[in-house]
>>> print(open('structure-v5.cif').read())   # mmCIF, C-alpha atoms
data_work
#
loop_
_atom_site.label_atom_id
_atom_site.label_comp_id
_atom_site.auth_asym_id
_atom_site.auth_seq_id
_atom_site.Cartn_x
_atom_site.Cartn_y
_atom_site.Cartn_z
CA LYS N 1 162.71 252.16 253.09
CA ALA N 2 163.82 250.33 256.20
CA GLY N 3 167.54 250.09 256.83
CA VAL N 4 169.65 247.17 257.94
CA THR N 5 168.27 245.74 261.18
CA GLN N 6 170.42 243.90 263.67
CA THR N 7 169.18 242.10 266.74
CA PRO N 8 169.79 242.08 269.59
CA ARG N 9 171.50 245.41 270.24
CA TYR N 10 173.30 244.22 273.35
CA LEU N 11 174.28 240.82 274.68
CA ILE N 12 176.16 239.57 277.69
CA LYS N 13 177.38 235.99 277.57
CA THR N 14 179.64 233.77 279.65
CA ARG N 15 182.84 232.19 278.39
CA GLY N 16 182.17 228.85 276.75
CA GLN N 17 178.63 229.69 275.70
CA GLN N 18 177.51 230.22 272.15
CA VAL N 19 175.65 233.15 270.62
CA THR N 20 173.59 233.84 267.52
CA LEU N 21 173.24 237.31 266.01
CA SER N 22 170.68 238.26 263.40
CA CYS N 23 170.74 240.68 260.48
CA SER N 24 167.88 241.68 258.18
CA PRO N 25 169.19 243.49 255.08
CA ILE N 26 167.55 246.27 253.14
CA SER N 27 164.71 244.90 251.04
CA GLY N 28 166.07 243.71 247.70
CA HIS N 29 169.67 243.48 248.87
CA ARG N 30 171.13 240.03 248.33
CA SER N 31 174.62 240.48 249.77
CA VAL N 32 175.13 240.45 253.53
CA SER N 33 178.52 240.90 255.17
CA TRP N 34 179.62 240.74 258.79
CA TYR N 35 182.38 242.71 260.50
CA GLN N 36 183.92 242.66 263.95
CA GLN N 37 185.10 245.88 265.58
CA THR N 38 187.43 245.86 268.58
CA PRO N 39 189.64 248.63 270.00
CA GLY N 40 192.78 246.64 269.29
CA GLN N 41 192.08 245.24 265.82
CA GLY N 42 189.74 247.83 264.37
CA LEU N 43 187.13 246.76 261.84
CA GLN N 44 187.73 243.31 260.41
CA PHE N 45 185.81 241.38 257.78
CA LEU N 46 184.25 238.11 258.95
CA PHE N 47 182.33 236.77 255.93
CA GLU N 48 179.97 237.62 253.11
CA TYR N 49 176.89 235.79 251.93
CA PHE N 50 175.16 236.16 248.58
CA SER N 51 172.08 234.18 247.57
CA GLU N 52 172.50 231.83 250.54
CA THR N 53 176.12 231.00 249.67
CA GLN N 54 179.22 232.10 251.53
CA ARG N 55 181.16 234.00 248.92
CA ASN N 56 184.07 235.34 250.94
CA LYS N 57 185.61 234.65 254.33
CA GLY N 58 188.00 236.55 256.56
CA ASN N 59 190.71 235.20 258.83
CA PHE N 60 188.68 234.08 261.80
CA PRO N 61 188.63 230.68 263.50
CA GLY N 62 185.99 228.10 262.71
CA ARG N 63 184.10 229.06 265.87
CA PHE N 64 182.69 231.91 263.79
CA SER N 65 180.10 230.76 261.31
CA GLY N 66 177.16 232.17 259.46
CA ARG N 67 174.33 231.45 257.12
CA GLN N 68 171.87 233.24 254.91
CA PHE N 69 168.25 232.36 254.35
CA SER N 70 166.18 232.52 251.18
CA ASN N 71 164.79 235.92 252.23
CA SER N 72 168.40 237.21 252.49
CA ARG N 73 168.28 237.50 256.28
CA SER N 74 171.52 236.32 257.81
CA GLU N 75 172.68 234.95 261.11
CA MET N 76 176.13 234.60 262.52
CA ASN N 77 177.05 232.19 265.28
CA VAL N 78 180.01 232.18 267.63
CA SER N 79 180.57 228.99 269.57
CA THR N 80 182.68 228.45 272.67
CA LEU N 81 182.91 232.14 273.42
CA GLU N 82 186.18 233.64 274.59
CA LEU N 83 186.79 236.93 276.37
CA GLY N 84 188.45 238.23 273.21
CA ASP N 85 185.20 237.84 271.27
CA SER N 86 183.82 240.87 273.10
CA ALA N 87 183.23 243.33 270.29
CA LEU N 88 180.78 245.30 268.24
CA TYR N 89 179.48 243.09 265.44
CA LEU N 90 178.29 244.97 262.39
CA CYS N 91 176.26 243.71 259.49
CA ALA N 92 176.19 245.37 256.08
CA SER N 93 174.00 244.79 253.06
CA SER N 94 174.38 245.57 249.40
CA PHE N 95 172.36 244.86 246.28
CA ARG N 96 175.00 242.60 244.81
CA GLY N 97 178.16 243.34 246.76
CA GLY N 98 180.98 245.63 245.71
CA ASN N 99 178.86 248.63 244.87
CA GLY N 100 178.34 250.27 248.21
CA TYR N 101 177.31 248.86 251.56
CA THR N 102 174.83 250.04 254.18
CA PHE N 103 175.54 249.11 257.77
CA GLY N 104 173.23 248.27 260.63
CA SER N 105 173.49 249.64 264.15
CA GLY N 106 175.43 246.63 265.35
CA THR N 107 175.25 244.14 268.19
CA ARG N 108 177.51 244.83 271.13
CA LEU N 109 178.61 241.51 272.61
CA THR N 110 180.28 241.31 276.01
CA VAL N 111 181.79 238.01 277.13
CA VAL N 112 182.39 237.66 280.87
CA GLY A 1 195.99 242.15 251.02
CA ILE A 2 195.23 245.77 250.30
CA GLN A 3 196.44 248.32 252.84
CA VAL A 4 194.51 251.44 253.86
CA GLU A 5 196.09 254.35 255.70
CA GLN A 6 194.17 257.30 257.06
CA SER A 7 195.54 260.59 258.24
CA PRO A 8 195.55 262.36 260.54
CA PRO A 9 194.66 259.88 263.29
CA ASP A 10 193.28 262.68 265.46
CA LEU A 11 191.96 266.12 264.60
CA ILE A 12 190.65 268.81 266.92
CA LEU A 13 188.83 271.79 265.45
CA GLN A 14 186.88 274.81 266.54
CA GLU A 15 183.33 275.01 265.31
CA GLY A 16 183.22 276.67 261.90
CA ALA A 17 186.63 275.47 260.77
CA ASN A 18 187.28 273.43 257.64
CA SER A 19 189.18 270.14 257.50
CA THR A 20 190.56 267.57 255.09
CA LEU A 21 190.87 263.88 255.88
CA ARG A 22 193.03 261.66 253.71
CA CYS A 23 192.88 257.99 252.77
CA ASN A 24 195.71 256.23 250.93
CA PHE A 25 195.32 252.71 249.59
CA SER A 26 197.87 250.31 248.22
CA ASP A 27 196.10 248.72 245.24
CA SER A 28 193.38 249.24 242.66
CA VAL A 29 189.87 249.39 244.06
CA ASN A 30 186.35 248.87 242.79
CA ASN A 31 184.74 250.28 245.91
CA LEU A 32 185.62 253.13 248.23
CA GLN A 33 183.34 254.44 250.92
CA TRP A 34 183.61 257.07 253.62
CA PHE A 35 181.73 256.42 256.85
CA HIS A 36 181.04 258.38 260.00
CA GLN A 37 180.68 256.25 263.10
CA ASN A 38 178.18 257.75 265.50
CA PRO A 39 178.48 257.46 269.30
CA TRP A 40 176.22 254.41 269.26
CA GLY A 41 178.52 252.55 266.89
CA GLN A 42 176.56 252.71 263.66
CA LEU A 43 178.54 253.37 260.51
CA ILE A 44 176.77 256.07 258.55
CA ASN A 45 177.56 255.98 254.85
CA LEU A 46 178.75 259.40 253.69
CA PHE A 47 179.96 258.66 250.18
CA TYR A 48 180.35 255.77 247.79
CA ILE A 49 183.18 257.14 245.67
CA PRO A 50 185.56 254.72 243.91
CA SER A 51 186.51 257.60 241.62
CA GLY A 52 185.62 261.22 240.95
CA THR A 53 184.15 263.93 243.14
CA LYS A 54 180.88 264.15 245.03
CA GLN A 55 179.32 266.73 247.30
CA ASN A 56 176.61 266.49 249.91
CA GLY A 57 175.94 269.70 251.80
CA ARG A 58 179.00 270.68 253.83
CA LEU A 59 180.76 267.45 252.95
CA SER A 60 182.55 266.58 249.75
CA ALA A 61 184.90 263.83 248.67
CA THR A 62 187.36 263.24 245.89
CA THR A 63 189.01 259.98 244.87
CA VAL A 64 191.96 259.91 242.49
CA ALA A 65 192.04 256.21 241.74
CA THR A 66 195.14 256.35 239.55
CA GLU A 67 197.11 257.86 242.44
CA ARG A 68 195.40 255.68 245.06
CA TYR A 69 194.06 258.25 247.44
CA SER A 70 190.81 259.82 248.53
CA LEU A 71 190.06 263.02 250.40
CA LEU A 72 187.08 263.93 252.55
CA TYR A 73 186.42 267.63 253.03
CA ILE A 74 184.32 268.97 255.89
CA SER A 75 183.49 272.65 255.70
CA SER A 76 182.07 274.88 258.45
CA SER A 77 182.36 272.05 260.95
CA GLN A 78 179.73 271.60 263.66
CA THR A 79 179.92 269.82 267.01
CA THR A 80 177.67 267.11 265.58
CA ASP A 81 180.43 266.28 263.09
CA SER A 82 182.48 264.85 265.96
CA GLY A 83 183.21 261.14 265.83
CA VAL A 84 185.35 258.70 263.93
CA TYR A 85 185.58 258.84 260.14
CA PHE A 86 186.50 255.67 258.32
CA CYS A 87 187.64 255.07 254.80
CA ALA A 88 186.94 251.55 253.49
CA VAL A 89 187.94 250.04 250.18
CA GLY A 90 187.11 246.97 248.15
CA ALA A 91 190.06 245.58 246.22
CA LEU A 92 189.62 245.19 242.47
CA LYS A 93 191.40 241.84 242.72
CA GLU A 94 188.59 240.35 244.80
CA THR A 95 187.09 238.11 242.17
CA SER A 96 184.46 236.48 244.32
CA GLY A 97 182.28 238.82 246.21
CA SER A 98 183.76 241.81 247.85
CA ARG A 99 185.08 242.66 251.26
CA LEU A 100 185.75 246.08 252.65
CA THR A 101 189.14 246.79 254.18
CA PHE A 102 188.98 249.63 256.66
CA GLY A 103 191.53 252.17 257.66
CA GLU A 104 192.11 252.89 261.34
CA GLY A 105 189.98 256.00 261.19
CA THR A 106 190.33 259.67 262.01
CA GLN A 107 188.96 260.77 265.38
CA LEU A 108 187.47 264.22 264.83
CA THR A 109 186.56 266.45 267.76
CA VAL A 110 184.78 269.73 267.06
CA ASN A 111 184.71 272.10 270.01
CA PRO A 112 182.06 274.81 270.42
#
>>> encode(input="structure-v5.cif", output="structure tokens")
Amino acid sequence: KAGVTQTPRYLIKTRGQQVTLSCSPISGHRSVSWYQQTPGQGLQFLFEYFSETQRNKGNFPGRFSGRQFSNSRSEMNVSTLELGDSALYLCASSFRGGNGYTFGSGTRLTVV
Amino acid sequence: GIQVEQSPPDLILQEGANSTLRCNFSDSVNNLQWFHQNPWGQLINLFYIPSGTKQNGRLSATTVATERYSLLYISSSQTTDSGVYFCAVGALKETSGSRLTFGEGTQLTVNP
């Protein structure tokens, strides 16, 4: 079966712009989580969605938001981009959360 | 929140050698996964192992939940095993959804 698909793979944006990243989970998986990976902070949890509801949220500013659609696909949005938002953004899906996650290939965002 | 410590931070091996990576965590967990991050950034799930022992080819893992640690064994290492290995846990106390907390990883280099 198809894995977790993230688009786009690479993005270059300018400070102050906003960006939307997309994640399609494995078919049948209802939980989608987002993580940010940077050299300085490592892998950090952003948020988790389950059945279109945000179920858990990490310690990130309100500029980071997300949503989940009825088909379980998820998007995350970062507004007013800062240089420090440059990172690899990873999406993970799970059947119901908490029982093993599968990660996508990630979106590498560069803010200039 | 739950703390995850991985050791060693760096490991250099000759091809054919065996190795053991360790993950200590500070609280009870309902999820523990080992990942290998490939050069393109994708986290490849190696094991979902909140307790017990599993084996997959040259890799095996053991989690002793009561003592709050997990071990990943790599036997007869190959150059393709190089990369960063992450341990990630989900805290049992997370009552709503689940988030993974990652360790800082072990950078493994296997030389030919």
>>> resolve_selection(input="structure-v5.cif", expression="the PyMOL selection byres ((chain N) within 9 of (chain A))", output="MDAnalysis selection string")
chainID N and resid 31 33 41:50 55:58 88 90 96:106 108
>>> write_last_selection(input="structure-v5.cif", atoms="C-alpha atoms", output="short mmCIF file (atom, residue, chain, number, x, y, z; two decimals), in the frame of the given file")
data_model
loop_
_atom_site.label_atom_id
_atom_site.label_comp_id
_atom_site.auth_asym_id
_atom_site.auth_seq_id
_atom_site.Cartn_x
_atom_site.Cartn_y
_atom_site.Cartn_z
CA SER N 31 174.62 240.48 249.77
CA SER N 33 178.52 240.90 255.17
CA GLN N 41 192.08 245.24 265.82
CA GLY N 42 189.74 247.83 264.37
CA LEU N 43 187.13 246.76 261.84
CA GLN N 44 187.73 243.31 260.41
CA PHE N 45 185.81 241.38 257.78
CA LEU N 46 184.25 238.11 258.95
CA PHE N 47 182.33 236.77 255.93
CA GLU N 48 179.97 237.62 253.11
CA TYR N 49 176.89 235.79 251.93
CA PHE N 50 175.16 236.16 248.58
CA ARG N 55 181.16 234.00 248.92
CA ASN N 56 184.07 235.34 250.94
CA LYS N 57 185.61 234.65 254.33
CA GLY N 58 188.00 236.55 256.56
CA LEU N 88 180.78 245.30 268.24
CA LEU N 90 178.29 244.97 262.39
CA ARG N 96 175.00 242.60 244.81
CA GLY N 97 178.16 243.34 246.76
CA GLY N 98 180.98 245.63 245.71
CA ASN N 99 178.86 248.63 244.87
CA GLY N 100 178.34 250.27 248.21
CA TYR N 101 177.31 248.86 251.56
CA THR N 102 174.83 250.04 254.18
CA PHE N 103 175.54 249.11 257.77
CA GLY N 104 173.23 248.27 260.63
CA SER N 105 173.49 249.64 264.15
CA GLY N 106 175.43 246.63 265.35
CA ARG N 108 177.51 244.83 271.13
#
>>> atom_distance(input="structure-v5.cif", atom1="CA of Ala17 (chain A)", atom2="CA of Lys54 (chain A)")
20.2 Å
>>> resolve_selection(input="structure-v5.cif", expression="the PyMOL selection byres ((chain N and resi 109-112) around 10)", output="list in words")
Pro8, Arg9, Tyr10, Leu11, Ile12, Lys13, Thr14, Arg15, Gly16, Gln17, Val19, Leu21, Leu81, Glu82, Leu83, Gly84, Asp85, Ser86, Ala87, Leu88, Tyr89, Gly106, Thr107 and Arg108 of chain N
>>> residues_around(input="structure-v5.cif", residues="Arg68 (chain A)", least_positions_apart="6", cutoff="9 Å", atoms="all atoms listed in the file", output="list in words")
Cys23, Asn24, Phe25, Ser26, Asp27, Ser28 and Val29 of chain A
>>> residues_around(input="structure-v5.cif", residues="Thr80 (chain A)", least_positions_apart="6", cutoff="12 Å", atoms="only C-alpha atoms", output="list in words")
Glu15, Gly16, His36, Gln37, Asn38, Pro39, Ile74, Leu108, Thr109, Val110, Asn111 and Pro112 of chain A
>>> resolve_selection(input="structure-v5.cif", expression="the PyMOL selection byres ((chain A and resi 53) around 10)", output="PyMOL selection string")
chain A and resi 47+49-52+54-55+60-64+70-72
>>> write_last_selection(input="structure-v5.cif", atoms="C-alpha atoms", output="short mmCIF file (atom, residue, chain, number, x, y, z; two decimals), keeping the file's coordinate frame")
data_model
loop_
_atom_site.label_atom_id
_atom_site.label_comp_id
_atom_site.auth_asym_id
_atom_site.auth_seq_id
_atom_site.Cartn_x
_atom_site.Cartn_y
_atom_site.Cartn_z
CA PHE A 47 179.96 258.66 250.18
CA ILE A 49 183.18 257.14 245.67
CA PRO A 50 185.56 254.72 243.91
CA SER A 51 186.51 257.60 241.62
CA GLY A 52 185.62 261.22 240.95
CA LYS A 54 180.88 264.15 245.03
CA GLN A 55 179.32 266.73 247.30
CA SER A 60 182.55 266.58 249.75
CA ALA A 61 184.90 263.83 248.67
CA THR A 62 187.36 263.24 245.89
CA THR A 63 189.01 259.98 244.87
CA VAL A 64 191.96 259.91 242.49
CA SER A 70 190.81 259.82 248.53
CA LEU A 71 190.06 263.02 250.40
CA LEU A 72 187.08 263.93 252.55
#
>>> closest_residue(input="structure-v5.cif", among="A:Ala65, A:Leu46, A:Ile2, A:Ile12", to="Ser82 (chain A)", atoms="only C-alpha atoms")
A:Ile12
>>> closest_residue(input="structure-v5.cif", among="N:Pro25, N:Ala92, N:Thr20, N:Val32", to="Phe64 (chain N)", atoms="all atoms listed in the file")
N:Thr20
>>> closest_residue(input="structure-v5.cif", among="N:Ser27, N:Gln37, N:Gln18, N:Gln6", to="Ser74 (chain N)", atoms="all atoms listed in the file")
N:Gln6
